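Data from work-v3.tsv: TSV, C-alpha atoms
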```
chain	number	residue	atom	x	y	z
A	377	HIS	CA	-4.93	8.27	-47.86
A	378	ILE	CA	-8.16	6.34	-47.33
A	379	THR	CA	-9.17	4.91	-50.68
A	380	LYS	CA	-10.90	1.76	-51.83
A	381	GLY	CA	-7.72	0.54	-53.51
A	382	LYS	CA	-5.51	1.49	-50.54
A	383	TYR	CA	-3.27	3.61	-52.79
A	384	GLU	CA	-2.72	7.30	-52.23
A	385	ARG	CA	-3.43	9.71	-55.05
A	386	ILE	CA	-3.50	13.43	-55.59
A	387	ILE	CA	-6.81	14.86	-56.75
A	388	PRO	CA	-6.35	18.24	-58.45
A	389	LEU	CA	-9.13	20.72	-57.78
A	390	THR	CA	-10.36	23.77	-59.59
A	391	LEU	CA	-9.75	27.01	-57.74
A	392	ARG	CA	-13.49	27.26	-57.10
A	393	ALA	CA	-13.65	23.76	-55.60
A	394	GLU	CA	-10.64	24.49	-53.41
A	395	ARG	CA	-12.23	27.73	-52.19
A	396	ILE	CA	-15.47	25.91	-51.33
A	397	LEU	CA	-13.66	23.18	-49.42
A	398	ARG	CA	-11.59	25.70	-47.47
A	399	THR	CA	-14.76	27.46	-46.25
A	400	GLN	CA	-16.38	24.29	-44.88
A	401	PRO	CA	-16.53	24.10	-41.08
A	402	ARG	CA	-14.31	21.35	-39.67
A	403	VAL	CA	-15.20	19.03	-36.82
A	404	GLY	CA	-12.12	16.86	-37.25
A	405	PRO	CA	-9.45	16.04	-39.82
A	406	LEU	CA	-11.99	15.22	-42.55
A	407	VAL	CA	-13.78	17.82	-44.65
A	408	PHE	CA	-17.17	16.17	-44.31
A	409	ASN	CA	-18.27	14.60	-41.05
A	410	ALA	CA	-20.41	11.84	-42.57
A	411	THR	CA	-20.54	8.08	-42.50
A	412	VAL	CA	-20.83	5.85	-45.53
A	413	GLU	CA	-24.28	4.89	-44.31
A	414	SER	CA	-25.49	8.50	-44.07
A	415	ILE	CA	-24.24	9.25	-47.59
A	416	GLU	CA	-25.94	6.12	-48.94
A	417	ARG	CA	-29.19	7.09	-47.20
A	418	ALA	CA	-29.05	10.63	-48.59
A	419	HIS	CA	-28.51	9.19	-52.07
A	420	GLU	CA	-31.52	6.90	-51.66
A	421	LEU	CA	-33.69	9.83	-50.56
A	422	VAL	CA	-32.68	11.97	-53.54
A	423	ILE	CA	-33.31	9.10	-55.95
A	424	ALA	CA	-36.76	8.53	-54.45
A	425	ARG	CA	-37.66	12.24	-54.55
A	426	CYS	CA	-36.61	12.46	-58.20
A	427	GLY	CA	-38.52	9.32	-59.12
A	428	LEU	CA	-35.42	7.69	-60.56
A	429	ARG	CA	-34.78	3.98	-60.74
A	430	ASN	CA	-31.62	1.95	-61.08
A	431	LEU	CA	-29.27	4.86	-60.43
A	432	ARG	CA	-26.44	3.63	-58.25
A	433	PHE	CA	-24.12	5.95	-56.37
A	434	HIS	CA	-21.23	4.61	-58.48
A	435	ASP	CA	-23.04	5.84	-61.61
A	436	LEU	CA	-22.26	9.38	-60.46
A	437	ARG	CA	-18.55	8.57	-60.44
A	438	HIS	CA	-18.85	6.97	-63.86
A	439	GLU	CA	-20.49	10.13	-65.22
A	440	ALA	CA	-17.86	12.38	-63.65
A	441	VAL	CA	-14.96	10.32	-65.02
A	442	THR	CA	-16.59	10.15	-68.47
A	443	ARG	CA	-16.87	13.95	-68.55
A	444	LEU	CA	-13.30	14.30	-67.33
A	445	VAL	CA	-11.95	11.95	-70.01
A	446	MET	CA	-13.92	13.67	-72.77
A	447	GLY	CA	-13.16	17.20	-71.64
A	448	THR	CA	-9.43	17.14	-71.12
A	449	THR	CA	-6.13	16.92	-72.93
A	450	LEU	CA	-4.54	14.96	-70.09
A	451	SER	CA	-2.96	11.67	-71.06
A	452	PRO	CA	-4.57	8.38	-70.01
A	453	LEU	CA	-1.74	7.86	-67.50
A	454	GLN	CA	-2.37	11.27	-65.94
A	455	LEU	CA	-6.12	10.64	-65.83
A	456	GLY	CA	-5.53	7.27	-64.16
A	457	LYS	CA	-3.49	8.94	-61.44
A	458	ILE	CA	-6.39	11.30	-60.76
A	459	THR	CA	-9.23	8.77	-60.93
A	460	GLY	CA	-7.42	5.90	-59.21
A	461	HIS	CA	-7.48	3.58	-62.21
A	462	ARG	CA	-4.19	1.71	-62.22
A	463	ASP	CA	-4.98	-0.08	-65.47
A	464	VAL	CA	-5.45	2.17	-68.51
A	465	ARG	CA	-7.83	-0.39	-70.07
A	466	THR	CA	-10.18	0.02	-67.11
A	467	LEU	CA	-10.03	3.79	-67.43
A	468	MET	CA	-10.83	3.60	-71.13
A	469	ARG	CA	-14.26	2.14	-70.34
A	470	TYR	CA	-15.20	5.74	-69.68
A	471	ASN	CA	-14.06	6.94	-73.07
A	472	ASN	CA	-16.98	6.45	-75.45
A	473	PRO	CA	-16.73	9.28	-77.94
A	474	THR	CA	-19.33	9.76	-80.63
A	475	PRO	CA	-18.15	9.88	-84.25
A	476	GLN	CA	-18.76	13.63	-84.22
A	477	GLN	CA	-16.56	14.06	-81.14
A	478	LEU	CA	-13.77	12.06	-82.80
A	479	VAL	CA	-13.94	14.20	-85.93
A	480	LYS	CA	-13.86	17.38	-83.85
A	481	ALA	CA	-10.89	16.16	-81.78
A	482	PHE	CA	-9.01	15.03	-84.87
A	483	ARG	CA	-9.52	18.31	-86.65
A	484	ALA	CA	-8.44	20.27	-83.57
A	485	SER	CA	-5.24	18.22	-83.37
A	486	ARG	CA	-4.41	18.84	-87.04
A	487	ARG	CA	-4.37	22.65	-86.87
```
Using structure tokens, write down the structure from this file.
Amino acid sequence: HITKGKYERIIPLTLRAERILRTQPRVGPLVFNATVESIERAHELVIARCGLRNLRFHDLRHEAVTRLVMGTTLSPLQLGKITGHRDVRTLMRYNNPTPQQLVKAFRASRR
């Protein structure tokens, strides 16, 4: 129930992800006992080790949502419920299909 937008949402998990989360040791009610600061610091260290520049933590979310949008048959409304986007137009920023992907999707829908 703790989200940036203050709205609850259900995040469906793959069976593998659920299994991994269930095996994590718990110190309290949260799955991961970490502060925002410690996560930010870990991100900075990984970026430095990889020699990357201008990769923000939010870019990882953008990539994940882009892959979700492109790899699913869920409707935009269903995707918004999962990702926390309450405005479909905001969610659609993540949908940038190539012409080849559009042709493939169209042909698959016409079978």
re atom CA of A:Ala481 and atom CA of A:Gly447: distance 10.4 Å
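With all atoms listed in the file taken into account, the protein and nucleic acid residues at most 12 Å from stretch 403-420 of chain A (excluding it and anything under 3 positions from it in its own chain) are A:His377, A:Ile378, A:Glu394, A:Ile396, A:Leu397, A:Arg398, A:Thr399, A:Gln400, A:Ile423, A:Ala424, A:Arg425, A:Cys426, A:Gly427, A:Leu428, A:Arg429, A:Asn430, A:Leu431, A:Arg432, A:Phe433, A:His434, A:Asp435, A:Leu436.
Close contacts of A:Arg462, defined as residues with an atom at most 12 Å away when counting all atoms listed in the file, with chain neighbours fewer than 5 positions off set aside, comprise Gly381, Lys382, Tyr383, Glu384, Arg385, Pro452, Leu453, Gln454, Leu455, Gly456, Lys457, Leu467 and Met468 of chain A.
Take the candidates A:Val441, A:Arg487, A:Tyr470, A:Arg402 and check each one against A:Ile458 using only C-alpha atoms; the shortest distance goes to A:Val441.
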The centre and edge lengths of an axis-aligned box containing all atoms of stretch 421-426 of chain A present in the file, extended by 8 Å on each side, are to be given in Å to one decimal, as lines of an AutoDock Vina configuration file.
```
center_x = -35.2
center_y = 10.5
center_z = -54.4
size_x = 21.0
size_y = 19.9
size_z = 23.6
```
Point-to-point distance in Å for atom CA of A:Asn472 and atom CA of A:Met446 = 8.3 Å
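For the set A:Arg437, A:Thr390, A:Arg395, A:Pro401, the residue with the smallest atom-to-atom gap to A:Gly460 is A:Arg437, counting only C-alpha atoms.
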Coordinates-based distance that separates atom CA of A:Pro388 from atom CA of A:Thr474 (Å, one decimal) = 27.1 Å
Please, could N, CA and C atoms be added to stretch 421-441 of chain A and the result written as a CSV table (one decimal), in the frame of the given file?
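And here is the file that came out, result.csv:
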```
chain,number,residue,atom,x,y,z
A,421,LEU,N,-32.6,8.8,-50.7
A,421,LEU,CA,-33.7,9.8,-50.6
A,421,LEU,C,-33.8,10.7,-51.8
A,422,VAL,N,-32.7,11.1,-52.3
A,422,VAL,CA,-32.7,12.0,-53.5
A,422,VAL,C,-33.2,11.2,-54.7
A,423,ILE,N,-32.8,9.9,-54.9
A,423,ILE,CA,-33.3,9.1,-56.0
A,423,ILE,C,-34.8,8.9,-55.9
A,424,ALA,N,-35.3,8.7,-54.7
A,424,ALA,CA,-36.8,8.5,-54.4
A,424,ALA,C,-37.5,9.8,-54.8
A,425,ARG,N,-37.0,10.9,-54.3
A,425,ARG,CA,-37.7,12.2,-54.6
A,425,ARG,C,-37.7,12.6,-56.0
A,426,CYS,N,-36.7,12.2,-56.8
A,426,CYS,CA,-36.6,12.5,-58.2
A,426,CYS,C,-37.4,11.4,-59.0
A,427,GLY,N,-37.8,10.4,-58.4
A,427,GLY,CA,-38.5,9.3,-59.1
A,427,GLY,C,-37.6,8.5,-60.1
A,428,LEU,N,-36.4,8.4,-59.7
A,428,LEU,CA,-35.4,7.7,-60.6
A,428,LEU,C,-35.3,6.2,-60.1
A,429,ARG,N,-35.0,5.4,-61.1
A,429,ARG,CA,-34.8,4.0,-60.7
A,429,ARG,C,-33.4,3.5,-61.3
A,430,ASN,N,-32.9,2.6,-60.6
A,430,ASN,CA,-31.6,2.0,-61.1
A,430,ASN,C,-30.5,2.9,-61.2
A,431,LEU,N,-30.4,3.9,-60.4
A,431,LEU,CA,-29.3,4.9,-60.4
A,431,LEU,C,-28.4,4.6,-59.2
A,432,ARG,N,-27.3,3.9,-59.4
A,432,ARG,CA,-26.4,3.6,-58.2
A,432,ARG,C,-25.5,4.8,-58.0
A,433,PHE,N,-25.0,4.9,-56.7
A,433,PHE,CA,-24.1,6.0,-56.4
A,433,PHE,C,-22.9,5.9,-57.3
A,434,HIS,N,-22.4,4.7,-57.6
A,434,HIS,CA,-21.2,4.6,-58.5
A,434,HIS,C,-21.5,5.2,-59.9
A,435,ASP,N,-22.7,5.2,-60.3
A,435,ASP,CA,-23.0,5.8,-61.6
A,435,ASP,C,-22.6,7.3,-61.7
A,436,LEU,N,-22.7,8.0,-60.5
A,436,LEU,CA,-22.3,9.4,-60.5
A,436,LEU,C,-20.8,9.5,-60.7
A,437,ARG,N,-20.0,8.6,-60.2
A,437,ARG,CA,-18.6,8.6,-60.4
A,437,ARG,C,-18.3,8.3,-61.9
A,438,HIS,N,-19.0,7.3,-62.5
A,438,HIS,CA,-18.8,7.0,-63.9
A,438,HIS,C,-19.1,8.2,-64.7
A,439,GLU,N,-20.2,8.9,-64.5
A,439,GLU,CA,-20.5,10.1,-65.2
A,439,GLU,C,-19.4,11.2,-65.1
A,440,ALA,N,-18.9,11.4,-63.9
A,440,ALA,CA,-17.9,12.4,-63.6
A,440,ALA,C,-16.6,12.0,-64.4
A,441,VAL,N,-16.2,10.7,-64.3
A,441,VAL,CA,-15.0,10.3,-65.0
A,441,VAL,C,-15.1,10.4,-66.5
```
